[in-house]
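Q: Please find coords.txt (compact mmCIF, C-alpha atoms) on the next line:
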# COMPACT_ATOMS: atom_id res chain seq x y z
CA MET W 119 12.99 0.80 -26.10
CA SER W 120 11.66 3.80 -28.03
CA LYS W 121 8.15 2.27 -28.19
CA LEU W 122 8.22 1.55 -24.46
CA VAL W 123 9.31 5.11 -23.68
CA GLN W 124 6.45 6.35 -25.86
CA TYR W 125 3.92 4.21 -24.00
CA LEU W 126 5.20 5.25 -20.58
CA LYS W 127 5.18 8.90 -21.63
CA GLU W 128 1.52 8.60 -22.64
CA VAL W 129 0.64 6.92 -19.33
CA ILE W 130 2.19 9.79 -17.37
CA GLU W 131 0.69 12.55 -19.50
CA ARG W 132 -2.81 11.07 -19.30
CA GLY W 133 -2.61 10.50 -15.55
CA GLY W 134 -2.42 6.71 -15.66
CA SER W 135 -0.93 4.57 -12.93
CA ASP W 136 0.24 1.40 -14.71
CA LEU W 137 1.33 0.09 -18.11
CA HIS W 138 0.59 -3.53 -19.08
CA MET W 139 2.65 -5.18 -21.82
CA SER W 140 0.96 -8.51 -22.53
CA VAL W 141 1.22 -11.06 -25.34
CA ASN W 142 -1.87 -11.16 -27.61
CA SER W 143 -3.09 -7.84 -26.18
CA PRO W 144 -2.37 -4.24 -27.14
CA PRO W 145 -0.39 -2.18 -24.60
CA MET W 146 -2.88 -1.22 -21.88
CA MET W 147 -2.91 1.65 -19.39
CA ARG W 148 -4.60 1.64 -15.99
CA LEU W 149 -6.52 4.94 -15.98
CA PHE W 150 -8.75 5.79 -12.99
CA GLY W 151 -9.05 2.09 -12.20
CA GLU W 152 -9.95 0.95 -15.74
CA LEU W 153 -7.71 -0.65 -18.39
CA VAL W 154 -7.49 1.43 -21.59
CA PRO W 155 -5.66 0.33 -24.79
CA LEU W 156 -2.83 2.54 -26.06
CA GLU W 157 -2.70 0.91 -29.50
CA ASN W 158 -5.09 -1.09 -31.67
CA TYR W 159 -2.76 -3.96 -32.49
CA PRO W 160 -1.79 -6.80 -30.10
CA LEU W 161 1.76 -7.50 -29.04
CA SER W 162 3.36 -10.75 -30.14
CA SER W 163 5.57 -12.91 -27.92
CA ASP W 164 8.56 -11.68 -29.94
CA ASP W 165 7.51 -8.07 -29.26
CA THR W 166 7.40 -8.50 -25.48
CA VAL W 167 10.67 -10.44 -25.36
CA GLU W 168 12.39 -7.75 -27.42
CA ILE W 169 10.95 -4.80 -25.47
CA LEU W 170 11.07 -6.23 -21.94
CA GLY W 171 14.26 -8.23 -22.37
CA SER W 172 16.16 -5.08 -23.38
CA LEU W 173 15.62 -3.70 -19.86
CA LEU W 174 17.26 -6.61 -18.03
CA ASN W 175 20.94 -7.21 -17.39
CA ASP W 176 22.42 -10.71 -17.49
CA GLU W 177 21.87 -11.34 -13.78
CA GLN W 178 18.25 -10.22 -13.93
CA MET W 179 17.64 -12.36 -17.00
CA MET W 180 19.01 -15.39 -15.15
CA ASP W 181 16.71 -14.66 -12.20
CA LEU W 182 13.73 -14.32 -14.53
CA GLU W 183 14.52 -17.66 -16.19
CA LYS W 184 15.04 -19.34 -12.82
CA TYR W 185 12.09 -17.96 -10.83
CA LYS W 186 9.76 -17.18 -13.79
CA ASN W 187 9.07 -13.66 -12.52
CA ILE W 188 11.12 -10.70 -11.31
CA ASP W 189 10.51 -7.43 -9.43
CA PHE W 190 12.77 -4.43 -9.90
CA ALA W 191 12.80 -0.64 -10.15
CA LEU W 192 13.48 1.15 -13.41
CA GLU W 193 14.59 4.73 -14.01
CA LEU W 194 14.14 6.41 -17.40
CA PRO W 195 14.51 10.04 -18.49
CA TYR W 196 11.31 12.01 -18.88
CA ALA W 197 10.83 15.77 -19.43
CA GLY W 198 14.25 16.69 -18.12
CA TYR W 199 14.24 14.49 -15.00
CA VAL W 200 14.49 10.83 -14.07
CA GLN W 201 11.15 9.04 -13.80
CA ARG W 202 10.97 5.93 -11.61
CA TYR W 203 8.84 2.81 -12.16
CA ARG W 204 8.19 -0.38 -10.21
CA CYS W 205 8.31 -3.31 -12.61
CA ASN W 206 7.19 -6.91 -12.52
CA PHE W 207 7.95 -9.27 -15.41
CA PHE W 208 6.44 -12.77 -15.50
CA PHE W 209 5.78 -15.69 -17.80
CA GLN W 210 2.29 -16.88 -18.74
CA LYS W 211 1.10 -19.46 -21.25
CA SER W 212 1.50 -17.09 -24.23
CA GLY W 213 4.91 -15.70 -23.32
CA LEU W 214 6.61 -12.94 -21.33
CA ASP W 215 4.48 -10.10 -19.86
CA GLY W 216 5.35 -7.00 -17.87
CA VAL W 217 3.64 -4.43 -15.65
CA PHE W 218 5.07 -0.97 -14.95
CA ARG W 219 3.79 1.09 -11.99
CA VAL W 220 4.47 4.84 -12.22
CA ILE W 221 6.06 6.13 -9.01
CA PRO W 222 5.41 9.86 -8.41
CA ARG W 223 8.55 11.93 -8.67
CA GLU W 224 7.82 13.82 -5.45
CA ILE W 225 6.41 12.24 -2.32
CA PRO W 226 2.85 13.61 -2.09
CA SER W 227 1.51 15.07 1.14
CA LEU W 228 -1.57 13.70 2.89
CA ARG W 229 -3.45 16.78 1.71
CA GLU W 230 -2.42 16.19 -1.91
CA LEU W 231 -3.62 12.60 -1.54
CA ASN W 232 -7.01 13.85 -0.22
CA LEU W 233 -6.47 11.89 3.00
CA PRO W 234 -7.85 13.11 6.36
CA SER W 235 -5.57 15.41 8.36
CA GLN W 236 -5.82 13.29 11.54
CA LEU W 237 -3.48 10.78 9.91
CA GLU W 238 -0.65 13.25 10.63
CA ASP W 239 -0.97 12.34 14.32
CA LEU W 240 0.17 8.80 13.51
CA ALA W 241 3.62 10.17 12.67
CA LEU W 242 3.98 11.24 16.32
CA PHE W 243 4.10 7.69 17.68
CA LEU W 244 7.56 6.70 18.89
CA ASP W 245 7.05 2.94 18.78
CA GLY W 246 4.53 0.22 17.95
CA LEU W 247 2.84 -0.99 14.77
CA ILE W 248 0.95 1.01 12.15
CA LEU W 249 -0.70 -0.99 9.37
CA VAL W 250 -2.06 0.30 6.08
CA THR W 251 -4.42 -2.19 4.47
CA GLY W 252 -6.53 -2.42 1.36
CA PRO W 253 -6.70 -3.96 -2.13
CA THR W 254 -3.89 -3.90 -4.67
CA GLY W 255 -3.44 -0.48 -6.25
CA CYS W 256 -5.28 1.52 -3.58
CA GLY W 257 -2.24 3.62 -2.62
CA LYS W 258 -1.02 1.86 0.54
CA SER W 259 2.68 2.43 -0.22
CA THR W 260 2.01 6.06 -1.12
CA THR W 261 0.22 6.67 2.19
CA ILE W 262 3.14 5.20 4.12
CA ALA W 263 5.59 7.28 2.09
CA ALA W 264 3.63 10.43 2.99
CA LEU W 265 3.71 9.53 6.71
CA VAL W 266 7.43 8.75 6.57
CA ASP W 267 8.05 12.10 4.88
CA ILE W 268 6.27 13.84 7.79
CA ILE W 269 8.61 12.07 10.23
CA ASN W 270 11.61 12.89 8.04
CA THR W 271 10.63 16.56 7.88
CA THR W 272 9.75 17.11 11.54
CA GLN W 273 11.82 14.66 13.59
CA ALA W 274 15.46 13.60 13.90
CA ARG W 275 15.14 9.83 13.69
CA HIS W 276 16.89 6.88 12.03
CA ILE W 277 14.56 5.35 9.43
CA ILE W 278 15.20 2.12 7.53
CA THR W 279 12.97 1.02 4.66
CA LEU W 280 12.98 -2.64 3.56
CA GLU W 281 11.53 -2.93 0.07
CA ASP W 282 11.36 -5.20 -2.97
CA PRO W 283 11.96 -3.11 -4.98
CA ILE W 284 12.62 0.41 -3.64
CA GLU W 285 9.77 2.64 -4.80
CA PHE W 286 9.73 6.22 -3.45
CA VAL W 287 13.20 7.65 -2.99
CA HIS W 288 13.52 9.53 0.32
CA ARG W 289 16.20 12.15 0.90
CA ASN W 290 17.60 12.92 4.33
CA LYS W 291 15.96 15.93 5.96
CA LEU W 292 15.94 16.06 9.77
CA SER W 293 16.10 12.28 9.82
CA ILE W 294 18.61 9.80 8.42
CA ILE W 295 16.97 7.38 5.96
CA HIS W 296 18.56 4.17 4.71
CA GLN W 297 16.66 2.33 1.98
CA ARG W 298 17.50 -1.35 1.47
CA GLN W 299 16.28 -3.50 -1.40
CA VAL W 300 15.86 -7.21 -0.71
CA ASN W 301 18.11 -9.39 -2.89
CA MET W 302 20.25 -6.36 -3.68
CA HIS W 303 21.33 -4.85 -0.35
CA VAL W 304 20.21 -7.71 1.90
CA LEU W 305 19.38 -11.38 1.27
CA SER W 306 15.91 -11.51 2.88
CA PHE W 307 13.33 -9.48 4.79
CA GLU W 308 14.02 -11.60 7.86
CA ARG W 309 17.74 -10.79 7.83
CA ALA W 310 16.99 -7.13 7.14
CA VAL W 311 14.58 -6.80 10.08
CA ARG W 312 16.97 -8.59 12.42
CA ALA W 313 19.80 -6.31 11.30
CA ALA W 314 17.64 -3.17 11.61
CA MET W 315 16.98 -3.93 15.26
CA ARG W 316 20.76 -3.75 15.86
CA GLU W 317 21.39 -0.56 13.89
CA ASP W 318 20.07 2.06 16.33
CA THR W 319 16.89 2.25 14.25
CA ASP W 320 13.84 4.26 15.29
CA VAL W 321 11.48 3.57 12.39
CA ILE W 322 11.27 0.45 10.19
CA ILE W 323 9.24 0.39 6.97
CA MET W 324 8.50 -3.19 5.94
CA GLY W 325 7.01 -4.44 2.71
CA GLU W 326 3.78 -6.35 2.47
CA THR W 327 2.92 -8.69 5.34
CA ARG W 328 1.94 -11.89 3.56
CA ASP W 329 3.01 -14.89 5.67
CA LEU W 330 3.72 -16.04 9.22
CA ASN W 331 7.42 -15.23 8.97
CA SER W 332 6.83 -11.60 7.98
CA VAL W 333 4.14 -11.21 10.67
CA GLU W 334 6.52 -12.48 13.35
CA ASN W 335 9.27 -10.11 12.19
CA MET W 336 6.80 -7.21 12.19
CA LEU W 337 5.44 -7.88 15.68
CA THR W 338 8.89 -8.55 17.14
CA ALA W 339 10.28 -5.26 15.85
CA ALA W 340 7.19 -3.33 16.99
CA SER W 341 7.29 -4.85 20.48
CA MET W 342 10.99 -4.02 20.92
CA GLY W 343 10.61 -0.24 20.83
CA HIS W 344 10.62 0.50 17.08
CA LEU W 345 7.90 2.25 15.13
CA VAL W 346 6.98 -0.19 12.34
CA PHE W 347 4.93 0.51 9.22
CA SER W 348 3.68 -2.33 7.02
CA THR W 349 0.87 -3.21 4.59
CA MET W 350 -1.72 -5.97 4.24
CA HIS W 351 -4.56 -6.88 1.90
CA THR W 352 -7.77 -6.69 3.94
CA ALA W 353 -10.94 -4.63 3.49
CA SER W 354 -11.16 -3.23 7.03
CA ALA W 355 -9.19 -2.68 10.24
CA PRO W 356 -10.93 -5.51 12.17
CA LYS W 357 -10.23 -7.90 9.28
CA ALA W 358 -6.54 -6.99 9.51
CA VAL W 359 -6.51 -7.91 13.21
CA GLU W 360 -8.18 -11.23 12.39
CA ARG W 361 -5.72 -11.94 9.57
CA ILE W 362 -2.68 -11.39 11.79
CA VAL W 363 -3.99 -13.76 14.46
CA GLU W 364 -5.03 -16.38 11.90
CA PHE W 365 -1.48 -16.62 10.54
CA TYR W 366 -0.59 -18.43 13.76
CA PRO W 367 -1.56 -21.98 14.82
CA PRO W 368 -4.37 -22.12 17.44
CA SER W 369 -1.92 -22.96 20.22
CA ARG W 370 -0.17 -19.58 19.80
CA ARG W 371 -3.10 -17.28 19.14
CA THR W 372 -3.73 -16.23 22.74
CA SER W 373 -0.15 -14.97 23.18
CA VAL W 374 -0.24 -13.27 19.78
CA ARG W 375 -3.43 -11.40 20.69
CA MET W 376 -1.71 -10.18 23.87
CA MET W 377 1.33 -8.98 21.91
CA LEU W 378 -0.79 -7.32 19.21
CA ALA W 379 -3.00 -5.56 21.77
CA ASP W 380 0.12 -4.08 23.38
CA CYS W 381 2.10 -3.01 20.30
CA LEU W 382 -0.60 -2.03 17.78
CA ARG W 383 -0.99 1.74 17.40
CA ALA W 384 -3.32 2.17 14.42
CA ILE W 385 -4.71 0.58 11.28
CA ILE W 386 -5.66 2.52 8.16
CA ALA W 387 -7.91 0.68 5.69
CA GLN W 388 -8.27 2.44 2.37
CA GLN W 389 -9.70 2.06 -1.11
CA LEU W 390 -10.01 4.26 -4.18
CA ILE W 391 -13.54 5.12 -5.36
CA PRO W 392 -14.47 6.49 -8.83
CA ARG W 393 -15.51 10.13 -8.59
CA SER W 394 -19.05 11.09 -9.53
CA ASP W 395 -17.69 13.60 -12.06
CA GLU W 396 -15.65 10.81 -13.70
CA MET W 397 -12.47 12.85 -13.18
CA GLY W 398 -10.44 10.18 -11.44
CA ARG W 399 -10.79 8.47 -8.07
CA VAL W 400 -10.97 9.64 -4.47
CA PRO W 401 -9.71 7.73 -1.41
CA ALA W 402 -12.08 6.37 1.22
CA VAL W 403 -10.48 5.40 4.52
CA GLU W 404 -11.21 3.71 7.81
CA ILE W 405 -9.01 4.75 10.75
CA MET W 406 -8.75 2.60 13.85
CA VAL W 407 -6.57 3.99 16.64
CA ASN W 408 -5.77 1.46 19.35
CA ASN W 409 -7.09 2.46 22.77
CA LEU W 410 -7.96 0.61 25.97
CA SER W 411 -11.31 -0.60 24.61
CA ILE W 412 -9.90 -1.96 21.36
CA ALA W 413 -6.90 -3.52 23.10
CA ASN W 414 -9.24 -5.39 25.45
CA LEU W 415 -11.37 -6.62 22.53
CA ILE W 416 -8.23 -7.92 20.79
CA ARG W 417 -7.08 -9.74 23.95
CA GLU W 418 -10.53 -11.25 24.51
CA SER W 419 -10.93 -12.33 20.86
CA LYS W 420 -13.96 -10.06 20.38
CA VAL W 421 -12.81 -8.43 17.15
CA HIS W 422 -16.39 -8.40 15.84
CA GLN W 423 -17.12 -5.62 18.39
CA ILE W 424 -14.34 -3.33 17.14
CA PRO W 425 -16.55 -1.57 14.51
CA THR W 426 -18.75 -0.24 17.33
CA VAL W 427 -15.70 1.27 19.08
CA ILE W 428 -14.54 2.83 15.80
CA GLN W 429 -18.03 4.26 15.29
CA THR W 430 -17.95 5.98 18.69
CA GLY W 431 -14.24 6.88 18.68
CA LYS W 432 -14.26 10.13 16.73
CA GLN W 433 -12.54 11.97 19.62
CA PHE W 434 -9.57 9.62 19.14
CA GLY W 435 -9.35 10.36 15.41
CA MET W 436 -11.25 7.24 14.36
CA VAL W 437 -13.65 6.95 11.46
CA SER W 438 -15.45 3.95 9.96
CA MET W 439 -15.31 3.14 6.26
CA ASP W 440 -19.08 3.44 5.91
CA ASP W 441 -19.14 6.86 7.59
CA PHE W 442 -16.35 8.05 5.31
CA LEU W 443 -18.23 6.79 2.25
CA MET W 444 -21.36 8.66 3.39
CA LYS W 445 -19.26 11.80 3.86
CA LEU W 446 -17.97 11.51 0.29
CA PHE W 447 -21.52 10.92 -0.96
CA ASN W 448 -22.92 13.89 0.96
CA GLU W 449 -20.16 16.09 -0.50
CA GLY W 450 -21.16 14.96 -4.00
CA LYS W 451 -17.79 13.33 -4.66
CA ILE W 452 -19.10 9.79 -5.23
CA THR W 453 -22.45 8.32 -6.29
CA ALA W 454 -24.86 6.43 -4.05
CA ILE W 455 -24.13 3.26 -6.01
CA GLU W 456 -20.39 3.56 -5.37
CA ALA W 457 -20.99 4.27 -1.68
CA PHE W 458 -23.17 1.18 -1.38
CA GLU W 459 -20.96 -1.16 -3.41
CA ASN W 460 -17.83 -0.26 -1.45
CA SER W 461 -19.42 -0.28 2.00
CA ILE W 462 -18.68 -2.79 4.77
CA ASP W 463 -22.18 -2.99 6.31
CA LYS W 464 -24.32 -2.89 3.17
CA LYS W 465 -27.67 -3.29 4.97
CA LYS W 466 -26.94 -0.31 7.20
CA LEU W 467 -25.70 1.90 4.36
CA GLU W 468 -28.63 0.96 2.15
CA SER W 469 -30.99 2.13 4.90
CA VAL W 470 -29.11 5.41 5.32
CA LEU W 471 -29.08 6.06 1.57
CA ARG W 472 -32.83 5.39 1.33
CA GLN W 473 -33.51 7.93 4.10
CA HIS W 474 -31.25 10.42 2.33
CA ARG W 475 -33.28 10.08 -0.89
CA ARG W 476 -36.50 10.87 0.97
Mind turning the file's structure into structure tokens?

A:
Amino acid sequence: MSKLVQYLKEVIERGGSDLHMSVNSPPMMRLFGELVPLENYPLSSDDTVEILGSLLNDEQMMDLEKYKNIDFALELPYAGYVQRYRCNFFFQKSGLDGVFRVIPREIPSLRELNLPSQLEDLALFLDGLILVTGPTGCGKSTTIAALVDIINTTQARHIITLEDPIEFVHRNKLSIIHQRQVNMHVLSFERAVRAAMREDTDVIIMGETRDLNSVENMLTAASMGHLVFSTMHTASAPKAVERIVEFYPPSRRTSVRMMLADCLRAIIAQQLIPRSDEMGRVPAVEIMVNNLSIANLIRESKVHQIPTVIQTGKQFGMVSMDDFLMKLFNEGKITAIEAFENSIDKKKLESVLRQHRR
């Protein structure tokens, strides 16, 4: 345990986000998107079993043996307070491995996250669906936590979070917040969503949307008068719309497009880009706010036209990913190479960057 505490302490002090404990590899830290070794020597299978196994109780150990992986939250003392981590342990061919994600002690504000101020307006919606999408590790859960904290601070609402495991810990402010961990406080996401709709709930925070069942739960809750936040893994807002529809068989897609057009409020697509000064990463975001034009495109299965509406929808708080990348480049925060490599329409951005160089 003492070695693990030492590693986690170093991750926090150096500004890392994750700790990897892997057989035949030294302990590794995710720092500004790159993996950096914390020691020179590799861990043996006995090392990982001893270190990681010491953190599990008998019930968790049984679950790990049965399902071959386990998710849970861990709290350890650090610098006079309790530091929280999201943990995933899993077996691979060489033995038992573990990943620890550092959860910030305080819920950061949108400003502290360097996210655009117009996202605050999304906390004013009373119902419907708000999706945050992007690759693993891009800060989707943190963005949702910041939006929930705005609601908690400014509105008297009943908020239920459904997580596996619980990450950010919210404290009641103007709102009442109940946080439920799947397999600890409720047996499944499906049961939790169904229960939340009977508990005088205003806001429901769901975990990742990854299958048809979770999509149906999400859309049902959003269409019944709740404000629902959830996450997905897509590179852009239009791709998220396509992914939701594609979860369904062709015979149901027309009705799903109708439901989604009615209940969708906004989609935030985000990614983290290395800074040009090599001092960390900066978020790049695409914001799509559902309006009459976008709703009609969703109903008519013309999602490929949505980027044009986003491009011309600045008065609604919208911004395209490529425009945001150009803004970061023009401000000197990211390089031209990073702007190009992370763009959606690479031909268009390449042309813009060439003109800028002239």

Q: Quick one: residues within 9 Å of Val167 in chain W, all atoms listed in the file, excluding same-chain residues fewer than 6 positions away - as a VMD selection string?

A: chain W and resid 213 to 215

Q: So, counting all atoms listed in the file, which residue among W:Val407, W:Ala339, W:Leu126, W:Ala358 is closest to Pro195 in chain W?

A: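 Between W:Val407, W:Ala339, W:Leu126, W:Ala358, the residue approaching Pro195 in chain W most closely is W:Leu126.
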
Q: Between CA of Asp441 in chain W and CA of Asn414 in chain W, what distance in Å does the model show, to one decimal?

A: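 Calculated distance between CA of Asp441 in chain W and CA of Asn414 in chain W is 23.8 Å.
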
Q: Have a look at W:Pro222, W:Gly151, W:Gly252, W:Pro145 and name the one nearest to Met397 in chain W; count only C-alpha atoms.

A: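 Nearest candidate to Met397 in chain W out of W:Pro222, W:Gly151, W:Gly252, W:Pro145: W:Gly151.
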
Q: Could you check which of W:Asn460, W:Thr372, W:Thr261, W:Asn187 is closest to Ile248 in chain W, using all atoms listed in the file?

A: W:Thr261

Q: Which is closest to Glu157 in chain W among W:Phe347, W:Phe286, W:Tyr185, W:Tyr125, if we use all atoms listed in the file?

A: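 When distances to Glu157 in chain W are compared using all atoms listed in the file, the smallest one comes from W:Tyr125.
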
Q: In terms of the shortest atom-to-atom distance over only C-alpha atoms, which of W:Pro367, W:Glu285, W:Thr272, W:Gln299 is closest to Leu330 in chain W?

A: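 So, comparing all the options, the nearest one is W:Pro367.
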
Q: Measuring atom to atom with only C-alpha atoms, identify which of W:Met315, W:Met336, W:Ile405, W:Val470 is nearest to Glu238 in chain W.

A: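 Going through W:Met315, W:Met336, W:Ile405, W:Val470 one by one, the smallest distance to Glu238 in chain W is for W:Ile405.
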
Q: As an mmCIF file, keeping the file's coordinate frame, please: range 315-340 of chain W completed to N, CA and C atoms.

A:
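After the write, part_5.cif holds the following:
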data_model
loop_
_atom_site.group_PDB
_atom_site.id
_atom_site.type_symbol
_atom_site.label_atom_id
_atom_site.label_comp_id
_atom_site.auth_asym_id
_atom_site.auth_seq_id
_atom_site.Cartn_x
_atom_site.Cartn_y
_atom_site.Cartn_z
ATOM 1 N N MET W 315 17.158 -4.042 13.818
ATOM 2 C CA MET W 315 16.980 -3.930 15.260
ATOM 3 C C MET W 315 18.309 -3.784 15.999
ATOM 4 N N ARG W 316 19.426 -3.914 15.260
ATOM 5 C CA ARG W 316 20.760 -3.750 15.860
ATOM 6 C C ARG W 316 21.478 -2.514 15.310
ATOM 7 N N GLU W 317 20.760 -1.689 14.582
ATOM 8 C CA GLU W 317 21.390 -0.560 13.890
ATOM 9 C C GLU W 317 20.892 0.786 14.410
ATOM 10 N N ASP W 318 20.535 0.821 15.698
ATOM 11 C CA ASP W 318 20.070 2.060 16.330
ATOM 12 C C ASP W 318 18.939 2.679 15.515
ATOM 13 N N THR W 319 17.992 1.830 15.115
ATOM 14 C CA THR W 319 16.890 2.250 14.250
ATOM 15 C C THR W 319 15.695 2.702 15.075
ATOM 16 N N ASP W 320 15.066 3.785 14.654
ATOM 17 C CA ASP W 320 13.840 4.260 15.290
ATOM 18 C C ASP W 320 12.600 3.806 14.551
ATOM 19 N N VAL W 321 12.651 3.859 13.213
ATOM 20 C CA VAL W 321 11.480 3.570 12.390
ATOM 21 C C VAL W 321 11.870 2.533 11.329
ATOM 22 N N ILE W 322 11.048 1.489 11.187
ATOM 23 C CA ILE W 322 11.270 0.450 10.190
ATOM 24 C C ILE W 322 10.057 0.381 9.263
ATOM 25 N N ILE W 323 10.303 0.515 7.968
ATOM 26 C CA ILE W 323 9.240 0.390 6.970
ATOM 27 C C ILE W 323 9.410 -0.967 6.307
ATOM 28 N N MET W 324 8.447 -1.855 6.523
ATOM 29 C CA MET W 324 8.500 -3.190 5.940
ATOM 30 C C MET W 324 7.590 -3.261 4.715
ATOM 31 N N GLY W 325 7.881 -4.208 3.852
ATOM 32 C CA GLY W 325 7.010 -4.440 2.710
ATOM 33 C C GLY W 325 5.733 -5.119 3.139
ATOM 34 N N GLU W 326 5.068 -5.722 2.202
ATOM 35 C CA GLU W 326 3.780 -6.350 2.470
ATOM 36 C C GLU W 326 3.907 -7.510 3.449
ATOM 37 N N THR W 327 2.982 -7.580 4.395
ATOM 38 C CA THR W 327 2.920 -8.690 5.340
ATOM 39 C C THR W 327 2.053 -9.780 4.720
ATOM 40 N N ARG W 328 2.681 -10.889 4.336
ATOM 41 C CA ARG W 328 1.940 -11.890 3.560
ATOM 42 C C ARG W 328 2.042 -13.307 4.102
ATOM 43 N N ASP W 329 2.881 -13.537 5.132
ATOM 44 C CA ASP W 329 3.010 -14.890 5.670
ATOM 45 C C ASP W 329 3.388 -14.815 7.142
ATOM 46 N N LEU W 330 3.441 -15.974 7.795
ATOM 47 C CA LEU W 330 3.720 -16.040 9.220
ATOM 48 C C LEU W 330 5.083 -15.451 9.544
ATOM 49 N N ASN W 331 6.076 -15.721 8.709
ATOM 50 C CA ASN W 331 7.420 -15.230 8.970
ATOM 51 C C ASN W 331 7.461 -13.705 8.999
ATOM 52 N N SER W 332 6.815 -13.061 8.026
ATOM 53 C CA SER W 332 6.830 -11.600 7.980
ATOM 54 C C SER W 332 6.016 -11.006 9.132
ATOM 55 N N VAL W 333 4.924 -11.686 9.531
ATOM 56 C CA VAL W 333 4.140 -11.210 10.670
ATOM 57 C C VAL W 333 4.967 -11.270 11.951
ATOM 58 N N GLU W 334 5.694 -12.363 12.147
ATOM 59 C CA GLU W 334 6.520 -12.480 13.350
ATOM 60 C C GLU W 334 7.606 -11.415 13.381
ATOM 61 N N ASN W 335 8.248 -11.161 12.246
ATOM 62 C CA ASN W 335 9.270 -10.110 12.190
ATOM 63 C C ASN W 335 8.667 -8.751 12.525
ATOM 64 N N MET W 336 7.486 -8.477 11.973
ATOM 65 C CA MET W 336 6.800 -7.210 12.190
ATOM 66 C C MET W 336 6.460 -7.007 13.660
ATOM 67 N N LEU W 337 5.850 -8.010 14.279
ATOM 68 C CA LEU W 337 5.440 -7.880 15.680
ATOM 69 C C LEU W 337 6.644 -7.823 16.614
ATOM 70 N N THR W 338 7.683 -8.586 16.302
ATOM 71 C CA THR W 338 8.890 -8.550 17.140
ATOM 72 C C THR W 338 9.521 -7.172 17.137
ATOM 73 N N ALA W 339 9.677 -6.594 15.954
ATOM 74 C CA ALA W 339 10.280 -5.260 15.850
ATOM 75 C C ALA W 339 9.426 -4.214 16.560
ATOM 76 N N ALA W 340 8.088 -4.309 16.385
ATOM 77 C CA ALA W 340 7.190 -3.330 16.990
ATOM 78 C C ALA W 340 7.161 -3.440 18.509
#
